[in-house]
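Here's the structure we're looking at; comments come further down.
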Amino acid sequence: MAAIRKIDEKSDFELPEAVALETKSEGSADVLSWTVAEETAVRRKLDWQLVPTVTILYLLCFLDRINIGNARIQGMQEDLDLYGYRFNIATSIFYIIYLTIEVPSNILLKRIGPRFYLPGLVVGFGAVSVGTAFVKTFEQLCVVRSLLGIFEGGTMPGLAFFLSSFYKREELYFRIGIYVSAASIAGAFGGLLAAGFSQIPDWGIMGSRLHTWRNIFFFEGLITIIVAMLAPIVLPQSPETSKYLTDREKWIAAERLHIEHKALPNEQVQTRHVKRSLLNINNYICAAGFFAINITVQGLSVFMPTILRDLGWEALTAQFYTVPVYVAASLIAILVGFVSDKTKMRGIYLAAFTFLGIAGFAMLRWGTGNGLRYTAVYLCAVGAFPGGPGFLSWGLNNAAGPAVRAVSGGWIVTLGTMGGILAVWAYLPNDGPTFPIGHTINLVAQIFVLFLSIFGIWYCVRENRIRARGGRDHRLVGLTEEEKNDLGYRHPEFRYIA
């Protein structure tokens, strides 16, 4: 079995032309080799096969989640009598159900495989979105939002774990950054689609006429179902089953991960893997960061149309003004992921971008004038949106092997999703149009992320230094080779990415 890769080993582009990796099996040694060019070719083929598909699926996921914010200002609030805190209650129910699903869903995903399971979730929430177009009462809205939480709950952690099963640690943030940036893209498309679909004339049968906000749910859900049903054509079950790779490329794709993670990719989740995930301090650092970032990301996604409308713009104009904000946020999130993977650092970028969010929410809280406040919305989005993929990939990077990563990804998102519940109650109807309470909560959250990121860097660097001087070697005493390989992130030779 190959040794675990140390954090200070040379990266792929620093290695010589041929990469030689030695493994031991049954007492004999075999040398497995491939060139850097071959591995790069494999990675690029996987990029074209996986990343666009995963990004589109998550875009549809987030679109069907946040379209309630667009529908609200297109007549939904009046038609369903969403007075007082009813809108907040309906959106809270979604997040409560959502966070209870994530870990069980990832365990199920590990057992079933991703090819049909993940698209199946997407078909499910697409169907729920279509059904939302026909709700008549507040109570019915709460029911469909609960169903939406069931199907969407497994999607984000599931897609993150799926990508971690194809990419090495230093390749992951950029890819997760691309697909999570679909949240920003969904915000942009959501505004455009909502503006377009809401203008479709009244249609349908008597008693179920569809118009304005109902068209938003119906057509966005229909698009989701169609796209998701096509996804299994592209998605592979594992690196070894990719139709886009040759036999040798399949072997390289699987073996490079086997060597890095020092674990069998098909290992099933056992009780010890769950326990190891729950006791990983780095998971709680990333979950707390994801929680704080979610307050801003989910809050802006659902309430930005309302915030902009309350600045004095009409509903349709407010929809259009959300688009450039989301486009800017998505581009920055992807760029940060690319740079972070190249430099193999996480915390420093998460800390740095909080200064934009802090400035933005301070301007929203105490600034005046529509121009200034609209600029502040840009700063808030650009400062916060890189944090979601950043904390999630940081957690997955420092959780080994596959079974532990599956549970860790779901656990981080579960705890982080609670930030979405707080976000729903940060912007209350009687707090508008300036929303001082909501902006203050988000300002505090961004400051918290700053200090949390610094603490995360300190913890990872400290732990790596302890391991480098042999401070964790006692964990190997009395263990068999198989038990040593099963230690994952607790292995003395494992190094955290800081």
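Residues in the structure tokens are named by chain (A, B, ... in the order shown) and by number from 1 within that chain; ligands are numbered from 1 in the order shown.
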
For Arg467 in chain A, list every protein, DNA or RNA residue within 9 Å, evaluated using only C-alpha atoms, and leave out those in the same chain fewer than 2 positions away; present the list as a PyMOL selection string. chain A and resi 462-465+469-473+491-495

Output all heavy atoms for every residue in the selection just made, as a tab-separated table (two decimals), in the first residue's frame.
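Output file again.tsv follows:
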```tsv
chain	number	residue	atom	x	y	z
A	462	ARG	N	-0.66	24.14	13.22
A	462	ARG	CA	-0.20	23.57	14.48
A	462	ARG	C	-0.24	22.04	14.45
A	462	ARG	O	0.72	21.38	14.86
A	462	ARG	CB	-1.09	24.08	15.62
A	462	ARG	CG	-0.81	23.45	16.98
A	462	ARG	CD	-1.77	23.99	18.03
A	462	ARG	NE	-1.62	23.29	19.30
A	462	ARG	CZ	-2.27	22.18	19.62
A	462	ARG	NH1	-3.10	21.61	18.73
A	462	ARG	NH2	-2.08	21.60	20.81
A	463	GLU	N	-1.33	21.48	13.95
A	463	GLU	CA	-1.45	20.02	13.89
A	463	GLU	C	-0.40	19.42	12.96
A	463	GLU	O	0.18	18.37	13.26
A	463	GLU	CB	-2.86	19.63	13.45
A	463	GLU	CG	-3.15	18.15	13.44
A	463	GLU	CD	-3.11	17.52	14.83
A	463	GLU	OE1	-3.30	18.25	15.83
A	463	GLU	OE2	-2.87	16.30	14.91
A	464	ASN	N	-0.14	20.07	11.83
A	464	ASN	CA	0.88	19.58	10.90
A	464	ASN	C	2.27	19.58	11.56
A	464	ASN	O	3.08	18.66	11.34
A	464	ASN	CB	0.90	20.42	9.64
A	464	ASN	CG	-0.30	20.14	8.74
A	464	ASN	OD1	-0.95	19.12	8.87
A	464	ASN	ND2	-0.58	21.06	7.83
A	465	ARG	N	2.56	20.60	12.35
A	465	ARG	CA	3.86	20.67	13.02
A	465	ARG	C	4.00	19.59	14.07
A	465	ARG	O	5.09	19.00	14.23
A	465	ARG	CB	4.04	22.06	13.65
A	465	ARG	CG	4.29	23.15	12.62
A	465	ARG	CD	4.32	24.53	13.27
A	465	ARG	NE	4.62	25.57	12.29
A	465	ARG	CZ	4.54	26.88	12.54
A	465	ARG	NH1	4.16	27.31	13.75
A	465	ARG	NH2	4.83	27.75	11.59
A	469	ARG	N	6.93	16.40	13.90
A	469	ARG	CA	7.94	16.05	14.90
A	469	ARG	C	7.61	14.75	15.63
A	469	ARG	O	8.22	14.42	16.65
A	469	ARG	CB	8.08	17.19	15.91
A	469	ARG	CG	6.87	17.51	16.75
A	469	ARG	CD	7.22	18.53	17.83
A	469	ARG	NE	6.10	18.83	18.70
A	469	ARG	CZ	5.34	19.92	18.62
A	469	ARG	NH1	5.60	20.83	17.68
A	469	ARG	NH2	4.34	20.11	19.46
A	470	GLY	N	6.62	14.00	15.11
A	470	GLY	CA	6.32	12.68	15.66
A	470	GLY	C	5.34	12.67	16.81
A	470	GLY	O	5.19	11.66	17.50
A	471	GLY	N	4.64	13.78	17.01
A	471	GLY	CA	3.74	13.88	18.15
A	471	GLY	C	2.49	13.04	18.05
A	471	GLY	O	1.76	12.91	19.06
A	472	ARG	N	2.17	12.50	16.87
A	472	ARG	CA	0.98	11.65	16.72
A	472	ARG	C	1.36	10.21	16.36
A	472	ARG	O	0.48	9.41	16.04
A	472	ARG	CB	0.06	12.21	15.64
A	472	ARG	CG	-0.41	13.64	15.86
A	472	ARG	CD	-1.24	13.80	17.09
A	472	ARG	NE	-1.82	15.14	17.20
A	472	ARG	CZ	-2.02	15.76	18.33
A	472	ARG	NH1	-1.68	15.18	19.48
A	472	ARG	NH2	-2.55	16.97	18.37
A	473	ASP	N	2.63	9.86	16.43
A	473	ASP	CA	3.07	8.52	16.03
A	473	ASP	C	2.51	7.43	16.94
A	473	ASP	O	2.42	6.27	16.52
A	473	ASP	CB	4.60	8.44	16.02
A	473	ASP	CG	5.23	9.23	14.88
A	473	ASP	OD1	4.46	9.73	14.03
A	473	ASP	OD2	6.46	9.36	14.85
A	491	HIS	N	-4.11	9.61	10.61
A	491	HIS	CA	-2.80	9.00	10.39
A	491	HIS	C	-1.70	10.04	10.60
A	491	HIS	O	-1.82	11.18	10.14
A	491	HIS	CB	-2.73	8.44	8.97
A	491	HIS	CG	-1.61	7.46	8.77
A	491	HIS	ND1	-0.29	7.82	8.76
A	491	HIS	CD2	-1.63	6.12	8.56
A	491	HIS	CE1	0.46	6.75	8.55
A	491	HIS	NE2	-0.33	5.71	8.43
A	492	PRO	N	-0.63	9.70	11.31
A	492	PRO	CA	0.45	10.68	11.58
A	492	PRO	C	1.06	11.28	10.33
A	492	PRO	O	1.61	12.39	10.39
A	492	PRO	CB	1.48	9.86	12.36
A	492	PRO	CG	0.70	8.75	12.98
A	492	PRO	CD	-0.39	8.42	12.00
A	493	GLU	N	0.98	10.58	9.18
A	493	GLU	CA	1.58	11.11	7.97
A	493	GLU	C	0.61	11.97	7.16
A	493	GLU	O	1.02	12.59	6.17
A	493	GLU	CB	2.11	9.97	7.10
A	493	GLU	CG	3.28	9.22	7.73
A	493	GLU	CD	3.83	8.14	6.82
A	493	GLU	OE1	3.50	8.16	5.61
A	493	GLU	OE2	4.53	7.25	7.31
A	494	PHE	N	-0.65	12.01	7.56
A	494	PHE	CA	-1.61	12.88	6.87
A	494	PHE	C	-1.34	14.34	7.24
A	494	PHE	O	-1.08	14.64	8.40
A	494	PHE	CB	-3.04	12.49	7.26
A	494	PHE	CG	-4.11	13.28	6.57
A	494	PHE	CD1	-4.61	12.88	5.36
A	494	PHE	CD2	-4.61	14.46	7.15
A	494	PHE	CE1	-5.61	13.62	4.72
A	494	PHE	CE2	-5.58	15.19	6.52
A	494	PHE	CZ	-6.09	14.78	5.30
A	495	ARG	N	-1.40	15.21	6.27
A	495	ARG	CA	-1.18	16.64	6.52
A	495	ARG	C	-2.42	17.44	6.12
A	495	ARG	O	-2.95	17.28	5.02
A	495	ARG	CB	0.05	17.15	5.76
A	495	ARG	CG	1.35	16.52	6.19
A	495	ARG	CD	1.72	16.90	7.62
A	495	ARG	NE	3.02	16.34	8.01
A	495	ARG	CZ	3.16	15.16	8.61
A	495	ARG	NH1	2.11	14.41	8.89
A	495	ARG	NH2	4.38	14.74	8.94
```

Just want the 9 Å neighbourhood of range 432-444 of chain A, counted on only C-alpha atoms, with same-chain residues fewer than 5 positions away dropped. Output as a list in words.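 The residues that qualify are Ala292, Ile293, Ile295, Thr296, Gly299, Thr306, Ile307, Arg309, Asp310, Leu311, Gly357, Ile358, Ala359, Gly360, Phe361, Ala362, Leu364, Arg365, Trp366, Ala423, Trp425, Ala426, Tyr427 and Val449 of chain A.
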
Just write the chosen residues, N, CA, C and O atoms, as a compact mmCIF listing (two decimals), in the first residue's frame.
```
# COMPACT_ATOMS: atom_id res chain seq x y z
N ALA A 292 -22.08 30.68 9.04
CA ALA A 292 -22.04 32.14 8.98
C ALA A 292 -22.18 32.64 7.55
O ALA A 292 -22.88 33.62 7.28
N ILE A 293 -21.50 31.96 6.61
CA ILE A 293 -21.60 32.35 5.21
C ILE A 293 -23.02 32.15 4.69
O ILE A 293 -23.55 32.96 3.91
N ILE A 295 -25.77 32.52 6.25
CA ILE A 295 -26.65 33.62 6.67
C ILE A 295 -26.71 34.67 5.57
O ILE A 295 -27.79 35.19 5.24
N THR A 296 -25.55 34.98 5.00
CA THR A 296 -25.49 36.00 3.96
C THR A 296 -25.97 35.46 2.61
O THR A 296 -26.80 36.08 1.94
N GLY A 299 -29.65 34.52 2.73
CA GLY A 299 -30.42 35.74 2.97
C GLY A 299 -30.50 36.61 1.72
O GLY A 299 -31.58 37.08 1.34
N THR A 306 -36.55 41.65 -2.66
CA THR A 306 -37.33 42.49 -1.74
C THR A 306 -36.54 43.71 -1.30
O THR A 306 -37.07 44.84 -1.24
N ILE A 307 -35.25 43.50 -0.99
CA ILE A 307 -34.40 44.61 -0.55
C ILE A 307 -34.31 45.67 -1.64
O ILE A 307 -34.43 46.87 -1.39
N ARG A 309 -36.42 46.11 -4.17
CA ARG A 309 -37.73 46.72 -4.38
C ARG A 309 -37.98 47.81 -3.35
O ARG A 309 -38.52 48.88 -3.66
N ASP A 310 -37.56 47.54 -2.10
CA ASP A 310 -37.78 48.52 -1.04
C ASP A 310 -36.85 49.72 -1.16
O ASP A 310 -37.01 50.70 -0.42
N LEU A 311 -35.86 49.65 -2.07
CA LEU A 311 -35.06 50.84 -2.37
C LEU A 311 -35.83 51.80 -3.27
O LEU A 311 -35.38 52.91 -3.53
N GLY A 357 -17.33 41.83 2.64
CA GLY A 357 -18.65 41.66 3.25
C GLY A 357 -18.86 42.58 4.43
O GLY A 357 -19.94 43.16 4.60
N ILE A 358 -17.83 42.75 5.23
CA ILE A 358 -17.93 43.66 6.38
C ILE A 358 -18.20 45.09 5.92
O ILE A 358 -19.08 45.78 6.46
N ALA A 359 -17.46 45.52 4.90
CA ALA A 359 -17.67 46.87 4.37
C ALA A 359 -19.07 47.02 3.78
O ALA A 359 -19.76 48.04 4.01
N GLY A 360 -19.51 45.99 3.04
CA GLY A 360 -20.82 46.06 2.39
C GLY A 360 -21.96 46.16 3.39
O GLY A 360 -22.85 47.01 3.25
N PHE A 361 -21.95 45.32 4.41
CA PHE A 361 -23.06 45.35 5.37
C PHE A 361 -23.00 46.58 6.27
O PHE A 361 -24.04 47.06 6.74
N ALA A 362 -21.80 47.09 6.50
CA ALA A 362 -21.70 48.36 7.24
C ALA A 362 -22.34 49.50 6.43
O ALA A 362 -23.03 50.37 6.98
N LEU A 364 -24.73 49.11 4.14
CA LEU A 364 -26.18 48.89 4.12
C LEU A 364 -26.80 49.32 5.45
O LEU A 364 -27.92 49.84 5.49
N ARG A 365 -26.06 49.08 6.52
CA ARG A 365 -26.61 49.38 7.85
C ARG A 365 -26.66 50.87 8.12
O ARG A 365 -27.67 51.39 8.67
N TRP A 366 -25.62 51.60 7.74
CA TRP A 366 -25.56 53.01 8.11
C TRP A 366 -25.52 53.97 6.93
O TRP A 366 -25.60 55.18 7.12
N ALA A 423 -31.03 33.18 8.46
CA ALA A 423 -31.15 34.17 7.38
C ALA A 423 -32.60 34.52 7.10
O ALA A 423 -32.94 35.69 6.83
N TRP A 425 -35.01 34.65 9.15
CA TRP A 425 -35.57 35.50 10.19
C TRP A 425 -34.76 36.77 10.42
O TRP A 425 -35.07 37.57 11.32
N ALA A 426 -33.72 36.96 9.62
CA ALA A 426 -32.92 38.19 9.74
C ALA A 426 -33.63 39.38 9.10
O ALA A 426 -33.45 40.51 9.54
N TYR A 427 -34.40 39.10 8.05
CA TYR A 427 -35.09 40.17 7.32
C TYR A 427 -36.59 40.03 7.53
O TYR A 427 -37.26 39.25 6.84
N VAL A 449 -16.65 35.06 10.60
CA VAL A 449 -15.94 34.28 9.58
C VAL A 449 -14.47 34.69 9.53
O VAL A 449 -13.58 33.83 9.36
```

Please identify all polymer residues within 8 Å of range 335-351 of chain A, counting only C-alpha atoms, omitting same-chain residues fewer than 2 positions from it, and present them as an MDAnalysis selection string. chainID A and resid 170:178 331:333 353:355 386:387 389:391 394 449:451 453:454 456:457 497:498

Take the selection from the previous step and output its residues with N, CA, C and O atoms, as a CSV table (one decimal), in the first residue's frame.
```csv
chain,number,residue,atom,x,y,z
A,170,GLU,N,-5.9,18.9,-3.9
A,170,GLU,CA,-5.5,20.2,-4.4
A,170,GLU,C,-6.2,20.6,-5.7
A,170,GLU,O,-6.0,21.7,-6.2
A,171,GLU,N,-7.1,19.7,-6.2
A,171,GLU,CA,-7.9,20.0,-7.4
A,171,GLU,C,-9.3,20.4,-7.1
A,171,GLU,O,-10.1,20.8,-8.0
A,172,LEU,N,-9.7,20.2,-5.8
A,172,LEU,CA,-11.1,20.2,-5.5
A,172,LEU,C,-11.8,21.5,-5.4
A,172,LEU,O,-12.9,21.7,-5.8
A,173,TYR,N,-11.1,22.5,-4.7
A,173,TYR,CA,-11.8,23.8,-4.4
A,173,TYR,C,-12.2,24.5,-5.7
A,173,TYR,O,-13.4,25.0,-5.8
A,174,PHE,N,-11.4,24.4,-6.7
A,174,PHE,CA,-11.7,25.1,-8.0
A,174,PHE,C,-13.0,24.5,-8.6
A,174,PHE,O,-13.9,25.2,-9.0
A,175,ARG,N,-13.1,23.2,-8.6
A,175,ARG,CA,-14.2,22.5,-9.2
A,175,ARG,C,-15.5,22.7,-8.3
A,175,ARG,O,-16.6,23.0,-8.9
A,176,ILE,N,-15.3,22.6,-7.0
A,176,ILE,CA,-16.5,22.9,-6.1
A,176,ILE,C,-16.9,24.4,-6.3
A,176,ILE,O,-18.1,24.8,-6.3
A,177,GLY,N,-15.9,25.3,-6.4
A,177,GLY,CA,-16.1,26.7,-6.6
A,177,GLY,C,-17.0,26.9,-7.8
A,177,GLY,O,-17.9,27.8,-7.8
A,178,ILE,N,-16.7,26.2,-8.9
A,178,ILE,CA,-17.4,26.4,-10.2
A,178,ILE,C,-18.9,25.9,-9.9
A,178,ILE,O,-19.8,26.7,-10.3
A,331,LEU,N,-18.3,35.0,-10.8
A,331,LEU,CA,-17.0,35.0,-11.4
A,331,LEU,C,-15.9,35.1,-10.3
A,331,LEU,O,-14.8,34.5,-10.4
A,332,ILE,N,-16.1,35.9,-9.3
A,332,ILE,CA,-15.1,36.0,-8.2
A,332,ILE,C,-15.0,34.7,-7.5
A,332,ILE,O,-13.8,34.3,-7.1
A,333,ALA,N,-16.1,34.0,-7.2
A,333,ALA,CA,-16.0,32.7,-6.5
A,333,ALA,C,-15.2,31.7,-7.3
A,333,ALA,O,-14.4,31.0,-6.7
A,353,PHE,N,-11.6,37.8,2.1
A,353,PHE,CA,-12.8,38.3,1.4
A,353,PHE,C,-13.9,38.7,2.4
A,353,PHE,O,-14.9,39.4,2.0
A,354,THR,N,-13.7,38.4,3.7
A,354,THR,CA,-14.7,38.9,4.6
A,354,THR,C,-14.7,40.4,4.7
A,354,THR,O,-15.7,41.1,5.1
A,355,PHE,N,-13.5,41.0,4.4
A,355,PHE,CA,-13.4,42.5,4.5
A,355,PHE,C,-14.4,43.2,3.5
A,355,PHE,O,-14.9,44.3,3.9
A,386,PRO,N,-17.7,33.4,-2.2
A,386,PRO,CA,-16.6,32.4,-2.3
A,386,PRO,C,-16.5,31.6,-1.0
A,386,PRO,O,-15.8,30.5,-1.0
A,387,GLY,N,-17.1,32.0,0.1
A,387,GLY,CA,-17.0,31.3,1.3
A,387,GLY,C,-17.7,29.9,1.3
A,387,GLY,O,-17.2,29.0,2.0
A,389,PRO,N,-18.2,27.4,-1.1
A,389,PRO,CA,-17.3,26.4,-1.7
A,389,PRO,C,-16.0,26.3,-0.9
A,389,PRO,O,-15.4,25.2,-0.8
A,390,GLY,N,-15.5,27.4,-0.4
A,390,GLY,CA,-14.2,27.4,0.4
A,390,GLY,C,-14.3,26.6,1.6
A,390,GLY,O,-13.4,25.7,1.8
A,391,PHE,N,-15.3,26.8,2.4
A,391,PHE,CA,-15.4,26.0,3.7
A,391,PHE,C,-15.7,24.6,3.4
A,391,PHE,O,-15.2,23.6,4.1
A,394,TRP,N,-12.6,22.9,2.0
A,394,TRP,CA,-11.6,22.8,3.1
A,394,TRP,C,-11.9,21.6,4.0
A,394,TRP,O,-11.0,20.8,4.4
A,449,VAL,N,-16.7,35.1,10.6
A,449,VAL,CA,-15.9,34.3,9.6
A,449,VAL,C,-14.5,34.7,9.5
A,449,VAL,O,-13.6,33.8,9.4
A,450,LEU,N,-14.2,36.0,9.7
A,450,LEU,CA,-12.8,36.4,9.7
A,450,LEU,C,-12.0,35.8,10.7
A,450,LEU,O,-10.9,35.2,10.5
A,451,PHE,N,-12.5,35.8,12.0
A,451,PHE,CA,-11.7,35.2,13.1
A,451,PHE,C,-11.7,33.7,13.0
A,451,PHE,O,-10.7,33.1,13.4
A,453,SER,N,-11.7,31.9,10.3
A,453,SER,CA,-10.7,31.5,9.2
A,453,SER,C,-9.3,31.5,9.8
A,453,SER,O,-8.5,30.6,9.5
A,454,ILE,N,-9.0,32.6,10.5
A,454,ILE,CA,-7.7,32.7,11.1
A,454,ILE,C,-7.4,31.6,12.1
A,454,ILE,O,-6.3,31.0,12.1
A,456,GLY,N,-8.8,28.6,12.0
A,456,GLY,CA,-8.7,27.4,11.2
A,456,GLY,C,-7.2,27.2,10.6
A,456,GLY,O,-6.7,26.1,10.6
A,457,ILE,N,-6.7,28.3,10.2
A,457,ILE,CA,-5.3,28.3,9.7
A,457,ILE,C,-4.3,27.9,10.8
A,457,ILE,O,-3.5,27.0,10.6
A,497,ILE,N,-4.6,20.6,4.9
A,497,ILE,CA,-4.4,21.8,4.0
A,497,ILE,C,-4.9,23.0,4.8
A,497,ILE,O,-6.0,23.0,5.4
A,498,ALA,N,-4.1,24.0,5.0
A,498,ALA,CA,-4.5,25.2,5.8
A,498,ALA,C,-4.9,26.3,4.9
A,498,ALA,O,-5.5,27.3,5.4
```

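Ranking A:Ala194, A:Ile101, A:Ala384, A:Ile56 by their shortest atom-to-atom distance to Val323 in chain A, with only C-alpha atoms included, puts A:Ala194 first.
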
Env of range 216-229 of chain A: 10 Å cut, atoms = only C-alpha atoms, seq-sep filter 5 positions within chain, self excluded. Answer as a PyMOL selection string. chain A and resi 53+56-57+59-61+63-64+67-68+70-71+74+116+118-134+190+193-200+210-211
